[in-house]
Structure formats: structure tokens, C-alpha cells
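Following: one structure in C-alpha cells, then a few remarks.
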Amino acid sequence: MKRYQIVLFLFGVIAVLAALCAVFPEEGVLGLHFPQLSDILSAAEKETGPTPEELIQQRRQAVLAAQQDSYEDFFEEDPARFYLPGDDYSFFDGFFDALGQADRTPLRILHYGDSQIEEDRITGTIRERLQERFGGNGPGMMPARKHATPFVGGGSTAELARYFNYGDVSHRAGIRKYGPFADFVRLDTVATLSFYPIRGKDKGQRTFERMTLVAGNLQSRLSVSSRGEKQVVEADGSPLAFVRFELPDSSTRASMTVSGYADLYGVLLDSETGVRMDNMAMRGSSGAIFTTMDANQLREFYREENVRLILLQYGGNSVPYLKSDKQIETYVESIHKQVVLLRELAPQARIVFVGPSDMSTVVNGKRQTYPKLPGIVDSLRNTVMDAGGAYWDIYGVMGGENSMKQWVAARPALAGSDYVHFTLAGSTKIGDMFCDALFVYYDYYQWRKKNGR
């Protein structure tokens, strides 16, 4: 076949395909579907629009402009703003006041979430920026079991049974006392827990000066020793036991030996003062777990550790299964109960629900946002504010409907090929945008203090 014949053949194939796109019914025929010509043309047009990287920079510039010119414009118009109950701009004032005193009185931030925050993603960026601005160091909570975060490794010399209050029901313990992190290992022997830096990782080494074992459900005397110091905790029925050890400044590794019968909820690796922040990733969780846990344990931890901000990042695991308005209503009602409960258990803290990101599925051969996702976002935002919490909208921050495709197509990729989870680069961007937005409110708080507002 000659060259001109090949060219004519290819153009002929394209013409036939274009004709099929134009005439094939959108609803399909006998279960067969064909892309619509309008979809192809609109997709081509979208390629000329802003890249995900440019969208992120536009959001950041909006934040900077709001800091310099008009806070109110940012609060009312920018997708990165916080949606506050009653549009109360003073919502964060108590938290900001605590940040201002963190050099004398340390405070703790809890970041509960699903697999979107595993391996300290998003949390690590927020922690790093807050500690940089308000002081503090340390990675916060480490599980009392074998694990590896991006910058801290650890493990136990004994195989300890693990239980957690989310995901597969086979891992439940048949009790409500899961501790403040909804996850524990059961100690019934002698074990040494160790923590050490992982080199060559993006997050690098993290230093700390204090190590705290959090335990509960003691059935006997609990003995804990580290660096030649031994502490003994009696089984007195208290909701939680806190066993603290002071370490040399800028420690990067530590260990403790524990013996007795108790549930170990985690080990806190913290600084003496400043901001402390914990990452509690719960793969497969919908977030409707706190009402099934022991309220006294949660209340005790929030009080003892001066928890001033609680982030709840859930919803992504539920989106694929919420197919009716009734199902959405049931889910958001469960989230309403969680926010109300946490406000009661931690009255000194502010609750912020971080909503689901854009997520893509395939409908009639076309990848698009889950059809119910925009409605889920609206329902979550309204119910969280009604319960007295704030809402931060990742879906809107990303660019809204079908923005996930742009995040996946970005180079470097900001989201994975599952069109659900962020890459490390994407999660860093989300964490930065969260902090950029939060700092606008902090600067506005400072401005109001200075001007007596």
C-alpha cells in the first residue's frame, strides 16, 4: 500500500469513529457504549486549561492576596477557606491563643483519618510547618508494635496481639477500650519497644526529648524501664496510664522494656514544649467510630495532653457505596454524632472535618467524578457546621468535579493511578494548602488583637 493510501485509510478510520461518536446513543445499545463527540471535544478543550500545579499556585496566591489586602474576600470566596459554624471568624481563637503560648505550655493536635493519611502523609507537612512557626519537634504518636513511618522505624521483641476498632471486624477486641488511637496491642509478657531513625527518606530524621507510653486496661502491675530508670504503675482502674521518660535533647532513637498485663495504645515521641501532632491513619474507616469507644479514655487523653485541635479526615471510603439520598443522610448523621461527641469530650479543642477529595470512577466507559460525590460533600459540610465543627473542602481545593484526572496527569503525578489516593507530592501540596489557609485565619486573629476587634 502506498503512503497516500495509508494516510487516506487512517483519515477514513478517524472519520468513521467520529461519525459513531456523533450518532451513537449516550445510553448505549445492547449494553455497548461509545464515547460521545462532545466528551472528546470538551476533553481536548480542557487540556488547554490550567495544570494542577498552576491551580495550586493560584490558590496560594489567593491566600497571599487575602493576607495583604482583604481577609473577608478570602473567607467568602476562596475554595481553600474553612467553612465555619455561624460564619464565626473567631472559631479558631482559642487554638491560636494556645499556639501563642506553646513555648511555655505544649499543645497537641490529633489527625484522625483513613488511608489517605497513611505513612504520615498530609499530617507530616502540617506538623512540620506548625512546628517551624510555633516551636516543637518530634513525630508524635508511634504504634506499640512493629511499624515504619517515612522517618521513624520501630518494633517489639515480642509478638503481641493487635486489635483495632475499624476496618475488618475480625480485628475487634469485643470491648470499647481501644484507647485514644482506636488501636492497641495486648501485653501479656515482657517486651522491648524500640524506635530509631530511617535514613534516606524524604522526611529525614526527627528528634525528640520525651517518650511517653500510653496504656490502659491494666490487669496487673505494669513495669516500664528505659535508660536505667524504672517506673511501676498499679492497676487502680484509671482510664489511662501515662509513663513518661525524659530523654537527652535531640534524641533520634529510644527504647523501653515493659512487663505485665495491659493494653498498650501507643508511644508519644515529643518535644518538651511547642506543637505536638499525631497521625492516626485508619485504613478502611468511615470515621463513625468514636461513639463506639470508651468515652472516659478519650476524655482523659484529650485533657491530659492538652489537645487543642482535632482533624477528622474521612468520607473517601464511603463515597463508592453511597448511592441514594437516604444512604447519604444516614452516613452524615453518623458523622454529626462523632463531632458532637468529640466537642463534649474535648471542650478545649476545635474540631475540623477534612472532607473527601475528588475521586474518579468509570461510568459508561468514561472516567468521571463519582456521581454522588458533590452531594456528599455538600451534606457533610452542612452537617459538620450544624454540629459545631469546621469543614475544609479538599474536593473544592483540588478544583471540583473531574479535577482528580488533572492531579493524576500532572508531572510529577499528584495522585495515583487508582484516581483516589494522593502521591507523596500531592499530599504535600494538600498539607501546604491547609496550612496556608489556616495561617490566613491566624494572621486575621493577630490583626484583630492588635486593633482591638
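Labels for the C-alpha cells follow display order: chains A, B, ..., residues from 1 in each chain, ligands from 1.
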Query raised in the report: When DSSP works through the backbone of this structure, what residues of segment 104-262 of chain A end up as helix (DSSP H, G or I), shown as a ChimeraX atom specification?
Result: /A:115-120,123-134,169-171
Those residues with C-alpha atoms, as a tab-separated table (two decimals), in the first residue's frame please?
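Output below, filename result.tsv:
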chain	number	residue	atom	x	y	z
A	115	SER	CA	-5.73	5.52	54.24
A	116	GLN	CA	-5.35	8.94	52.60
A	117	ILE	CA	-3.07	9.94	55.51
A	118	GLU	CA	-1.12	6.69	55.91
A	119	GLU	CA	2.65	6.95	56.38
A	120	ASP	CA	2.26	10.44	57.82
A	123	THR	CA	-0.02	15.17	58.63
A	124	GLY	CA	3.76	15.36	58.26
A	125	THR	CA	3.58	18.55	56.20
A	126	ILE	CA	1.16	20.23	58.61
A	127	ARG	CA	3.25	19.19	61.63
A	128	GLU	CA	6.46	20.43	60.07
A	129	ARG	CA	5.07	23.84	59.21
A	130	LEU	CA	3.36	24.36	62.57
A	131	GLN	CA	6.48	23.33	64.49
A	132	GLU	CA	8.58	25.60	62.30
A	133	ARG	CA	6.36	28.57	63.14
A	134	PHE	CA	5.36	27.87	66.75
A	169	VAL	CA	-14.32	-6.80	62.11
A	170	SER	CA	-12.10	-9.82	62.73
A	171	HIS	CA	-9.65	-7.47	64.47
Requested in this report: State, in Å with one decimal place, the distance from atom CA of Val185 of chain A to atom CA of Leu160 of chain A.
Outcome: 5.8 Å
Report task. Mind checking which residues fall within 6 Å of Leu110 of chain A, counting only C-alpha atoms, ignoring those fewer than 4 positions away in the same chain, and posting them as a ChimeraX atom specification? Result -> /A:277-278,310
Query raised in the report: How would you write, as a VMD selection string, the set of residues in segment 223-389 of chain A that DSSP gives as strand (DSSP E)?
Result: chain A and resid 223 to 226 229 to 233 241 to 251 254 to 259 262 to 270 275 to 281 307 to 313 350 to 354 360 to 363 366 to 369
Query - All residues 9 Å or closer to segment 429-436 of chain A, only C-alpha atoms, same chain fewer than 3 positions away omitted, as an NGL selection string - result: :A and (56 or 59-60 or 63-64 or 80-81 or 121-126 or 129-130 or 392 or 394 or 397-398 or 414 or 422 or 424-426 or 439-440)
Atoms to include: C-alpha atoms. Write the selected residues as a short mmCIF file (atom, residue, chain, number, x, y, z; two decimals), in the first residue's frame.
data_model
loop_
_atom_site.label_atom_id
_atom_site.label_comp_id
_atom_site.auth_asym_id
_atom_site.auth_seq_id
_atom_site.Cartn_x
_atom_site.Cartn_y
_atom_site.Cartn_z
CA ILE A 56 -2.32 25.09 43.31
CA ARG A 59 -4.82 29.12 45.33
CA ARG A 60 -1.64 30.08 47.16
CA VAL A 63 -4.14 33.24 50.16
CA LEU A 64 -1.27 35.70 49.97
CA ALA A 80 -9.34 26.85 50.34
CA ARG A 81 -11.21 28.69 53.11
CA ARG A 121 1.07 11.89 54.50
CA ILE A 122 -0.54 15.34 54.84
CA THR A 123 -0.02 15.17 58.63
CA GLY A 124 3.76 15.36 58.26
CA THR A 125 3.58 18.55 56.20
CA ILE A 126 1.16 20.23 58.61
CA ARG A 129 5.07 23.84 59.21
CA LEU A 130 3.36 24.36 62.57
CA TRP A 392 -12.21 22.09 54.97
CA ILE A 394 -10.35 19.13 49.63
CA VAL A 397 -9.44 22.92 46.75
CA MET A 398 -8.48 20.41 44.06
CA LEU A 414 -0.09 14.37 42.39
CA PHE A 422 -2.63 11.28 46.62
CA LEU A 424 3.63 11.99 48.32
CA ALA A 425 3.88 15.11 46.14
CA GLY A 426 0.11 15.53 46.13
CA PHE A 439 -2.34 30.93 58.60
CA VAL A 440 -4.71 33.42 56.95
#
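The space separating atom CA of Gly389 of chain A from atom CA of Phe75 of chain A comes to 16.1 Å.
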Query raised in the report: Counting only C-alpha atoms, what is within 9 Å of Arg303 of chain A, bar same-chain residues fewer than 3 positions away, as number ranges by chain?
Result: A: 298-300, 306-307, 345-346, 348
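For the choices A:Pro150, A:Gly452, A:Gly140, A:Gly416, the atom-to-atom distance to Ser360 of chain A is smallest for A:Gly416 when using only C-alpha atoms.
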